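Novice: Below you'll find structure06.txt; it's compact mmCIF, C-alpha atoms.
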# COMPACT_ATOMS: atom_id res chain seq x y z
CA MET A 1 18.34 -18.91 8.06
CA GLN A 2 19.91 -16.14 5.97
CA TYR A 3 18.67 -16.73 2.44
CA GLN A 4 21.02 -15.56 -0.27
CA SER A 5 18.48 -15.64 -3.09
CA PHE A 6 14.81 -14.93 -3.72
CA LEU A 7 12.83 -16.13 -6.71
CA ILE A 8 10.31 -13.50 -7.84
CA LYS A 9 7.14 -14.86 -9.42
CA TYR A 10 4.89 -12.89 -11.76
CA ALA A 11 1.65 -13.76 -13.54
CA GLU A 12 0.19 -11.33 -16.12
CA ILE A 13 3.62 -10.37 -17.43
CA GLY A 14 4.02 -13.91 -18.69
CA THR A 15 1.18 -13.38 -21.19
CA LYS A 16 2.77 -10.39 -22.93
CA GLY A 17 4.43 -12.31 -25.77
CA LYS A 18 7.21 -10.50 -27.60
CA ASN A 19 6.77 -7.45 -25.34
CA ARG A 20 7.32 -9.41 -22.15
CA TYR A 21 10.89 -8.16 -21.73
CA ILE A 22 9.58 -4.58 -21.42
CA PHE A 23 7.42 -5.57 -18.46
CA GLU A 24 10.17 -7.70 -16.93
CA ASP A 25 12.63 -4.80 -17.14
CA ALA A 26 10.05 -2.46 -15.56
CA LEU A 27 9.49 -4.97 -12.77
CA MET A 28 13.22 -5.26 -12.12
CA HIS A 29 13.48 -1.46 -12.00
CA GLN A 30 10.70 -1.31 -9.39
CA ILE A 31 12.32 -4.05 -7.32
CA ARG A 32 15.59 -2.08 -7.28
CA HIS A 33 13.69 1.09 -6.32
CA HIS A 34 11.97 -0.59 -3.36
CA LEU A 35 15.14 -2.32 -2.15
CA GLN A 36 17.07 0.96 -2.13
CA LYS A 37 15.44 1.73 1.22
CA VAL A 38 16.59 -1.58 2.71
CA GLU A 39 20.05 -1.86 4.23
CA GLY A 40 22.16 -4.25 2.21
CA GLU A 41 23.40 -4.82 -1.32
CA PHE A 42 21.28 -6.73 -3.83
CA VAL A 43 21.66 -7.80 -7.44
CA ILE A 44 18.53 -8.31 -9.54
CA GLN A 45 18.88 -10.69 -12.47
CA LYS A 46 16.61 -12.44 -14.90
CA GLU A 47 16.63 -15.50 -17.08
CA GLN A 48 13.82 -16.80 -19.24
CA GLY A 49 10.64 -16.66 -17.19
CA ARG A 50 12.40 -15.97 -13.89
CA ILE A 51 13.61 -12.95 -11.90
CA TYR A 52 16.02 -13.36 -9.01
CA VAL A 53 17.05 -11.10 -6.14
CA ASN A 54 20.49 -12.09 -4.85
CA ALA A 55 21.83 -10.69 -1.59
CA LYS A 56 25.51 -9.74 -1.64
CA THR A 57 25.68 -8.58 1.98
CA ASP A 58 23.83 -9.19 5.24
CA TYR A 59 20.30 -7.79 5.36
CA ASP A 60 17.15 -7.73 7.48
CA TYR A 61 14.86 -10.50 6.19
CA ASP A 62 11.59 -8.89 7.33
CA GLU A 63 12.49 -5.56 5.71
CA VAL A 64 13.32 -7.25 2.40
CA ILE A 65 10.08 -9.24 2.36
CA ASP A 66 8.06 -6.16 3.31
CA ALA A 67 9.67 -4.15 0.49
CA LEU A 68 9.12 -6.88 -2.11
CA LYS A 69 5.48 -7.34 -1.06
CA ARG A 70 4.80 -3.73 -2.08
CA VAL A 71 6.11 -4.12 -5.65
CA PHE A 72 3.25 -4.19 -8.13
CA GLY A 73 3.73 -7.02 -10.61
CA VAL A 74 5.12 -9.45 -8.04
CA THR A 75 2.72 -12.32 -7.29
CA GLY A 76 5.04 -14.49 -5.22
CA ILE A 77 8.30 -14.18 -3.27
CA CYS A 78 10.22 -17.41 -2.73
CA PRO A 79 13.18 -17.44 -0.32
CA MET A 80 15.33 -20.18 -1.79
CA MET A 81 18.54 -22.14 -1.91
CA GLN A 82 20.15 -21.66 -5.31
CA LEU A 83 22.78 -24.21 -6.32
CA GLU A 84 25.26 -24.54 -9.10
CA LYS A 85 24.72 -27.68 -11.17
CA CYS A 86 25.93 -30.64 -9.11
CA GLU A 87 25.89 -34.42 -9.05
CA TYR A 88 22.46 -35.87 -8.39
CA ASP A 89 23.46 -37.55 -5.10
CA GLU A 90 24.79 -34.23 -3.82
CA LEU A 91 21.56 -32.49 -4.84
CA ARG A 92 19.49 -35.05 -2.94
CA LYS A 93 21.52 -34.52 0.22
CA LYS A 94 21.35 -30.74 0.00
CA VAL A 95 17.59 -30.75 -0.52
CA VAL A 96 17.08 -32.98 2.54
CA ASP A 97 19.27 -30.65 4.63
CA PHE A 98 17.38 -27.61 3.34
CA VAL A 99 14.01 -29.12 4.30
CA LYS A 100 15.40 -29.96 7.75
CA VAL A 101 16.29 -26.30 8.32
CA GLU A 102 13.08 -24.94 6.81
CA HIS A 103 10.76 -27.36 8.63
CA PRO A 104 12.37 -28.72 11.80
CA GLU A 105 9.05 -29.87 13.26
CA ASP A 106 8.02 -33.54 13.24
CA GLY A 107 5.01 -35.06 11.56
CA PHE A 108 4.61 -32.70 8.61
CA SER A 109 3.01 -33.58 5.30
CA PHE A 110 4.63 -32.59 2.02
CA LYS A 111 4.97 -33.24 -1.65
CA VAL A 112 7.83 -32.68 -4.09
CA HIS A 113 7.27 -30.72 -7.29
CA ALA A 114 10.26 -30.92 -9.61
CA LYS A 115 10.53 -29.16 -12.95
CA ARG A 116 13.41 -29.96 -15.29
CA ALA A 117 13.65 -26.97 -17.62
CA ASP A 118 17.18 -28.06 -18.55
CA LYS A 119 16.54 -31.28 -20.47
CA HIS A 120 20.26 -32.10 -20.44
CA TYR A 121 20.09 -32.89 -16.75
CA PRO A 122 20.33 -36.68 -16.57
CA VAL A 123 17.36 -37.30 -14.22
CA THR A 124 13.71 -36.71 -15.13
CA SER A 125 11.23 -34.68 -13.11
CA ASP A 126 9.28 -37.81 -12.08
CA GLU A 127 12.46 -39.49 -10.89
CA ILE A 128 13.41 -36.41 -8.86
CA ASN A 129 9.94 -36.34 -7.28
CA ALA A 130 10.16 -40.00 -6.27
CA ASP A 131 13.74 -39.94 -5.01
CA LEU A 132 13.46 -36.73 -3.00
CA GLY A 133 10.13 -37.86 -1.55
CA HIS A 134 11.80 -41.04 -0.36
CA ASP A 135 14.80 -39.18 1.07
CA ILE A 136 12.67 -36.67 2.99
CA LEU A 137 10.51 -39.46 4.45
CA GLU A 138 13.60 -41.31 5.60
CA ALA A 139 15.16 -38.24 7.21
CA ASN A 140 12.10 -36.90 9.08
CA GLU A 141 10.24 -38.92 11.66
CA GLY A 142 6.48 -38.91 11.18
CA ALA A 143 6.65 -37.15 7.80
CA ARG A 144 4.13 -38.23 5.18
CA VAL A 145 3.42 -37.51 1.56
CA ASP A 146 0.15 -35.71 0.76
CA VAL A 147 -0.19 -34.74 -2.88
CA HIS A 148 -3.54 -32.95 -2.39
CA HIS A 149 -3.28 -30.88 0.81
CA PRO A 150 0.34 -30.90 2.01
CA ASP A 151 1.66 -28.64 4.75
CA PHE A 152 4.22 -27.47 2.22
CA VAL A 153 5.60 -28.23 -1.23
CA VAL A 154 9.28 -28.75 -1.97
CA TYR A 155 9.87 -27.04 -5.30
CA VAL A 156 12.96 -28.05 -7.27
CA GLU A 157 13.69 -26.26 -10.55
CA ILE A 158 16.49 -27.51 -12.76
CA ARG A 159 17.47 -24.51 -14.85
CA GLN A 160 20.83 -22.78 -15.51
CA LYS A 161 21.18 -23.21 -11.77
CA ILE A 162 19.05 -25.30 -9.41
CA ASN A 163 16.39 -23.50 -7.36
CA VAL A 164 15.00 -25.14 -4.21
CA TYR A 165 12.29 -23.54 -2.08
CA THR A 166 9.28 -24.39 0.09
CA GLN A 167 7.73 -20.96 0.67
CA VAL A 168 5.70 -18.81 -1.72
CA ILE A 169 4.90 -15.51 0.01
CA LYS A 170 2.04 -13.67 -1.64
CA GLY A 171 2.96 -10.44 -3.45
CA ALA A 172 0.91 -7.38 -4.39
CA GLY A 173 0.04 -8.61 -7.90
CA GLY A 174 -0.93 -6.21 -10.66
CA MET A 175 1.44 -4.69 -13.22
CA PRO A 176 4.80 -2.92 -12.81
CA ILE A 177 4.59 0.85 -12.33
CA GLY A 178 5.39 2.76 -15.50
CA THR A 179 3.98 0.25 -17.98
CA ASN A 180 0.59 1.93 -18.42
CA GLY A 181 1.13 5.68 -18.58
CA LYS A 182 0.51 8.33 -15.93
CA ALA A 183 -2.64 9.77 -14.35
CA MET A 184 -3.56 12.57 -11.95
CA LEU A 185 -5.20 11.61 -8.65
CA LEU A 186 -7.56 14.08 -6.95
CA LEU A 187 -6.33 13.41 -3.42
CA SER A 188 -8.25 14.56 -0.36
CA GLY A 189 -7.80 13.73 3.30
CA GLY A 190 -10.55 11.13 3.22
CA ILE A 191 -10.57 7.34 3.06
CA ASP A 192 -11.54 6.84 -0.58
CA SER A 193 -9.06 8.72 -2.77
CA PRO A 194 -5.86 7.08 -1.41
CA VAL A 195 -7.46 3.69 -2.07
CA ALA A 196 -8.37 4.79 -5.60
CA GLY A 197 -4.77 5.87 -6.23
CA TYR A 198 -3.45 2.55 -4.94
CA MET A 199 -5.81 0.59 -7.17
CA ILE A 200 -4.92 2.45 -10.37
CA ALA A 201 -1.19 2.30 -9.54
CA LYS A 202 -1.60 -1.47 -9.17
CA ARG A 203 -2.40 -1.60 -12.88
CA GLY A 204 1.00 -0.14 -13.74
CA VAL A 205 0.00 3.53 -13.86
CA MET A 206 2.36 6.21 -12.55
CA ILE A 207 0.60 8.57 -10.15
CA GLU A 208 0.72 12.30 -9.61
CA ALA A 209 -1.75 13.95 -7.26
CA VAL A 210 -3.51 17.26 -6.76
CA TYR A 211 -4.83 18.53 -3.43
CA PHE A 212 -7.13 21.54 -3.04
CA HIS A 213 -6.18 23.52 0.05
CA ALA A 214 -8.31 26.38 1.41
CA PRO A 215 -6.48 28.34 4.09
CA PRO A 216 -7.45 29.58 6.63
CA TYR A 217 -10.52 27.32 6.46
CA THR A 218 -8.25 24.30 6.19
CA SER A 219 -5.22 24.15 8.44
CA ASP A 220 -1.60 23.23 7.79
CA ARG A 221 -2.29 20.02 9.69
CA ALA A 222 -4.97 19.17 7.12
CA LYS A 223 -2.43 19.68 4.34
CA GLN A 224 0.17 17.60 6.20
CA LYS A 225 -2.40 14.84 6.53
CA VAL A 226 -2.72 14.72 2.73
CA VAL A 227 1.07 14.76 2.34
CA ASP A 228 1.25 11.82 4.76
CA LEU A 229 -1.39 9.94 2.76
CA ALA A 230 0.53 10.55 -0.45
CA LYS A 231 3.65 9.12 1.21
CA LEU A 232 1.74 6.02 2.28
CA VAL A 233 0.45 5.44 -1.25
CA ALA A 234 3.96 6.12 -2.58
CA ARG A 235 5.24 3.07 -0.69
CA TYR A 236 3.50 1.09 -3.44
CA SER A 237 3.38 3.49 -6.39
CA GLY A 238 6.82 5.06 -6.11
CA SER A 239 7.38 8.79 -5.55
CA ILE A 240 4.32 10.99 -6.03
CA LYS A 241 4.50 14.58 -7.22
CA LEU A 242 1.81 16.34 -5.15
CA HIS A 243 0.38 19.59 -6.55
CA VAL A 244 -1.15 21.75 -3.79
CA ILE A 245 -3.67 24.26 -5.13
CA ASN A 246 -4.89 27.22 -3.07
CA PHE A 247 -8.65 26.97 -3.62
CA THR A 248 -9.82 29.59 -1.11
CA ASP A 249 -10.71 32.46 -3.46
CA ILE A 250 -12.48 30.17 -5.91
CA GLN A 251 -14.44 28.49 -3.15
CA LEU A 252 -15.49 31.82 -1.62
CA ALA A 253 -16.57 33.15 -5.02
CA ILE A 254 -18.74 30.09 -5.62
CA TYR A 255 -20.23 30.44 -2.14
CA GLU A 256 -21.04 34.11 -2.64
CA LYS A 257 -22.41 34.01 -6.18
CA CYS A 258 -24.00 30.59 -6.75
CA PRO A 259 -27.10 28.86 -5.32
CA HIS A 260 -26.18 27.08 -2.12
CA ASP A 261 -27.78 23.77 -3.08
CA GLU A 262 -25.40 23.70 -6.09
CA LEU A 263 -22.23 24.60 -4.20
CA THR A 264 -20.76 21.11 -4.05
CA ILE A 265 -21.37 20.33 -7.72
CA ILE A 266 -19.98 23.65 -8.98
CA MET A 267 -16.98 23.44 -6.69
CA ARG A 268 -16.36 19.89 -7.89
CA ARG A 269 -16.56 20.98 -11.53
CA TYR A 270 -13.86 23.60 -10.96
CA MET A 271 -11.69 21.08 -9.18
CA MET A 272 -11.97 18.77 -12.18
CA ARG A 273 -11.15 21.63 -14.56
CA ILE A 274 -8.05 22.56 -12.60
CA ALA A 275 -6.96 18.94 -12.14
CA GLU A 276 -7.20 18.44 -15.90
CA MET A 277 -5.13 21.56 -16.58
CA ILE A 278 -2.38 20.31 -14.25
CA ALA A 279 -2.65 16.80 -15.67
CA GLU A 280 -2.12 17.99 -19.23
CA LYS A 281 0.87 20.11 -18.17
CA ASN A 282 2.44 17.01 -16.63
CA ASP A 283 1.73 14.52 -19.43
CA CYS A 284 -1.00 12.67 -17.55
CA ILE A 285 -3.55 10.93 -19.73
CA GLY A 286 -6.36 10.55 -17.21
CA LEU A 287 -7.82 11.67 -13.90
CA ILE A 288 -8.46 9.45 -10.86
CA THR A 289 -11.07 10.04 -8.18
CA GLY A 290 -12.29 8.10 -5.16
CA GLU A 291 -15.98 8.50 -5.94
CA SER A 292 -18.45 5.70 -5.18
CA ILE A 293 -21.98 5.80 -6.58
CA GLY A 294 -24.48 7.24 -4.12
CA GLN A 295 -22.08 7.66 -1.21
CA VAL A 296 -22.74 11.43 -0.96
CA ALA A 297 -24.79 13.96 -2.90
CA SER A 298 -21.99 14.79 -5.32
CA GLN A 299 -21.60 11.12 -6.20
CA THR A 300 -25.01 10.23 -7.56
CA MET A 301 -25.08 9.12 -11.18
CA PHE A 302 -26.63 12.49 -12.07
CA SER A 303 -23.92 14.43 -10.22
CA LEU A 304 -21.08 12.40 -11.72
CA ARG A 305 -22.42 13.04 -15.22
CA THR A 306 -22.51 16.76 -14.46
CA THR A 307 -18.93 16.89 -13.15
CA ASP A 308 -17.60 14.75 -16.00
CA GLU A 309 -19.01 17.20 -18.53
CA VAL A 310 -16.14 19.65 -17.93
CA CYS A 311 -13.43 17.05 -18.66
CA ASN A 312 -11.84 15.97 -21.91
CA LEU A 313 -9.54 13.44 -20.24
CA PRO A 314 -11.01 10.13 -19.10
CA VAL A 315 -11.91 9.92 -15.41
CA TYR A 316 -11.05 6.63 -13.67
CA ARG A 317 -13.08 5.71 -10.58
CA PRO A 318 -11.79 2.35 -9.34
CA VAL A 319 -14.00 2.24 -6.21
CA ILE A 320 -17.16 3.30 -8.06
CA GLY A 321 -19.01 0.08 -7.18
CA PHE A 322 -17.60 -0.46 -3.68
CA ASP A 323 -19.61 0.11 -0.53
CA LYS A 324 -17.97 2.06 2.28
CA GLN A 325 -16.89 -0.95 4.30
CA GLU A 326 -15.12 -2.48 1.30
CA ILE A 327 -13.16 0.75 0.84
CA VAL A 328 -12.37 0.88 4.57
CA ASP A 329 -11.12 -2.71 4.49
CA LEU A 330 -8.76 -1.95 1.62
CA SER A 331 -7.54 1.26 3.28
CA GLU A 332 -6.67 -0.76 6.38
CA LYS A 333 -4.83 -3.30 4.24
CA ILE A 334 -2.62 -0.67 2.59
CA GLY A 335 -2.09 1.30 5.80
CA THR A 336 -3.89 4.58 4.99
CA TYR A 337 -6.99 4.23 7.18
CA GLU A 338 -5.60 5.54 10.48
CA THR A 339 -4.26 8.66 8.76
CA SER A 340 -7.46 9.21 6.77
CA ILE A 341 -9.63 9.34 9.89
CA LEU A 342 -7.53 11.99 11.65
CA PRO A 343 -9.94 14.84 12.53
CA TYR A 344 -8.51 17.63 10.39
CA GLU A 345 -10.98 19.53 8.24
CA ASP A 346 -11.04 18.92 4.51
CA CYS A 347 -11.52 21.54 1.81
CA CYS A 348 -14.66 19.81 0.60
CA THR A 349 -16.37 19.96 4.01
CA ILE A 350 -16.12 23.67 4.79
CA PHE A 351 -19.01 25.04 2.73
CA VAL A 352 -21.34 22.05 2.62
CA ALA A 353 -24.92 22.91 1.72
CA LYS A 354 -27.64 21.81 4.14
CA HIS A 355 -29.68 20.40 1.27
CA PRO A 356 -27.37 19.72 -1.70
CA VAL A 357 -28.91 18.93 -5.04
CA THR A 358 -28.67 15.21 -5.87
CA LYS A 359 -30.09 15.40 -9.42
CA PRO A 360 -28.42 18.51 -10.83
CA ASN A 361 -29.65 19.90 -14.11
CA LEU A 362 -26.65 20.56 -16.34
CA GLY A 363 -28.27 23.59 -17.97
CA ALA A 364 -29.06 25.12 -14.60
CA ILE A 365 -25.53 24.48 -13.32
CA LYS A 366 -24.00 26.16 -16.37
CA LYS A 367 -26.33 29.10 -15.95
CA SER A 368 -25.25 29.46 -12.31
CA GLU A 369 -21.60 29.36 -13.34
CA LEU A 370 -22.17 32.37 -15.58
CA ARG A 371 -22.35 34.43 -12.41
CA LEU A 372 -18.64 33.72 -12.00
CA SER A 373 -17.67 34.59 -15.56
CA GLU A 374 -16.07 37.97 -14.84
CA ILE A 375 -13.65 36.67 -12.21
CA ILE A 376 -13.26 32.93 -12.39
CA ASP A 377 -10.79 32.54 -15.25
CA GLU A 378 -8.30 34.85 -13.58
CA MET A 379 -8.74 33.01 -10.27
CA VAL A 380 -8.19 29.63 -11.88
CA GLU A 381 -5.09 30.82 -13.73
CA LYS A 382 -3.68 32.32 -10.53
CA ALA A 383 -4.33 29.12 -8.56
CA VAL A 384 -2.60 26.96 -11.17
CA ASN A 385 0.37 29.30 -11.60
CA GLU A 386 0.94 29.54 -7.85
CA GLU A 387 0.71 25.82 -7.10
CA GLU A 388 3.00 24.33 -4.46
CA VAL A 389 4.76 21.11 -5.45
CA ILE A 390 5.72 18.55 -2.80
CA TRP A 391 7.51 15.31 -3.63
CA CYS A 392 6.22 12.45 -1.52
CA SER A 393 8.16 9.22 -1.24
What's the structure tokens form of this structure?

Specialist:
Amino acid sequence: MQYQSFLIKYAEIGTKGKNRYIFEDALMHQIRHHLQKVEGEFVIQKEQGRIYVNAKTDYDYDEVIDALKRVFGVTGICPMMQLEKCEYDELRKKVVDFVKVEHPEDGFSFKVHAKRADKHYPVTSDEINADLGHDILEANEGARVDVHHPDFVVYVEIRQKINVYTQVIKGAGGMPIGTNGKAMLLLSGGIDSPVAGYMIAKRGVMIEAVYFHAPPYTSDRAKQKVVDLAKLVARYSGSIKLHVINFTDIQLAIYEKCPHDELTIIMRRYMMRIAEMIAEKNDCIGLITGESIGQVASQTMFSLRTTDEVCNLPVYRPVIGFDKQEIVDLSEKIGTYETSILPYEDCCTIFVAKHPVTKPNLGAIKKSELRLSEIIDEMVEKAVNEEEVIWCS
């Protein structure tokens, strides 16, 4: 069946009071953006409490559903029959025919859920429930009514038009992109940071990303892996502006001048400094990392406190309390896992200390960083000024 209309359900947006239209408009914008990559012409419209996607040309159903399922803010997608107001007897016949096409099998259980938003319609919701239930039973051998655990529900909404549907396909949930500011994601080639970016984007935050590249110690394939991960996250978040920073000279200076058990912490502190500089240049109001407490030496509570000390912007860590398997499961769900495990070296893994400090002393770390004082500012400025920007969509 080629559906001509889809009802788009949302949840949190409905609680926004007088500002709800802002979130609805942002959601409609994101729906248009995602459908641009689908062949076909679509019109997105809204009325009070409802958003509709109407197809004006032929389209691929699976591609449309897949695109809509990646729109943050959408909780349900309902392929439906939308009717102009009609006589009640005609409505009853059309609903029975629709159910026949949707559920041709015998012996199903169902219930009817009618909602008469237009109180001028001459039949009440209870009457619609009873009459359509009777009609569907009569037209389908072995059908039965089950109000508690039906195989499906026949939804009938009497509004400006009449909406009839039996499917509610689960959406991504969350909030529409662009309704909660912009943040900078520290993106590596690992499993965790793409998941962190996805989770913050789900709350309506626009995402930019920064990747620290260290040629020749990290290859072009390692950089391409990160670009590919950014593109996978961008399927949900919208286009991502990826800032590629050449970190080689800074990393070598830290390796040569600082205690080796502090390498990871000091390197991480300079990454955070640089990420914040780029974030502020690009109007981001926070940083995002994929850190999880205790996963590695640089992610103990003591280490996180030490790295945070260099930042003025808030640092968001959405997977902070997840164990590794929980992060892996989510990466598989959003399609980043197989790319994340490709065996291309990451900047963070080149100069790993054999025995990294897990309880760094902030005073000692600052003292070690003084060894870099004559050269580091110039290196940082050069790295930021010579960034490579790649748009990922």

Novice: Which is closer to Leu68 in chain A than all the others in A:Val123, A:Lys18, A:Ala172, A:Ile162, using only C-alpha atoms?

Specialist: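 The closest residue to Leu68 in chain A is A:Ala172.
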
Novice: Between CA of Lys324 in chain A and CA of Arg203 in chain A, what distance in Å does the model show, to one decimal?

Specialist: 22.0 Å

Novice: Would you please work out which residue, of A:Val64, A:Ala234, A:Val226, A:Ile128, is nearest to Gln36 in chain A when using all atoms listed in the file?

Specialist: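 Of the candidates, the smallest distance to Gln36 in chain A is held by A:Val64.
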
Novice: Smallest atom-to-atom distance to Glu276 in chain A: which of A:Ile22, A:Met80, A:Val210, A:Leu342, using only C-alpha atoms?

Specialist: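 So, comparing all the options, the nearest one is A:Val210.
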
Novice: As an exercise, work out the distance from CA of Gln167 in chain A to CA of Val96 in chain A in Å and give it to one decimal place.

Specialist: 15.3 Å
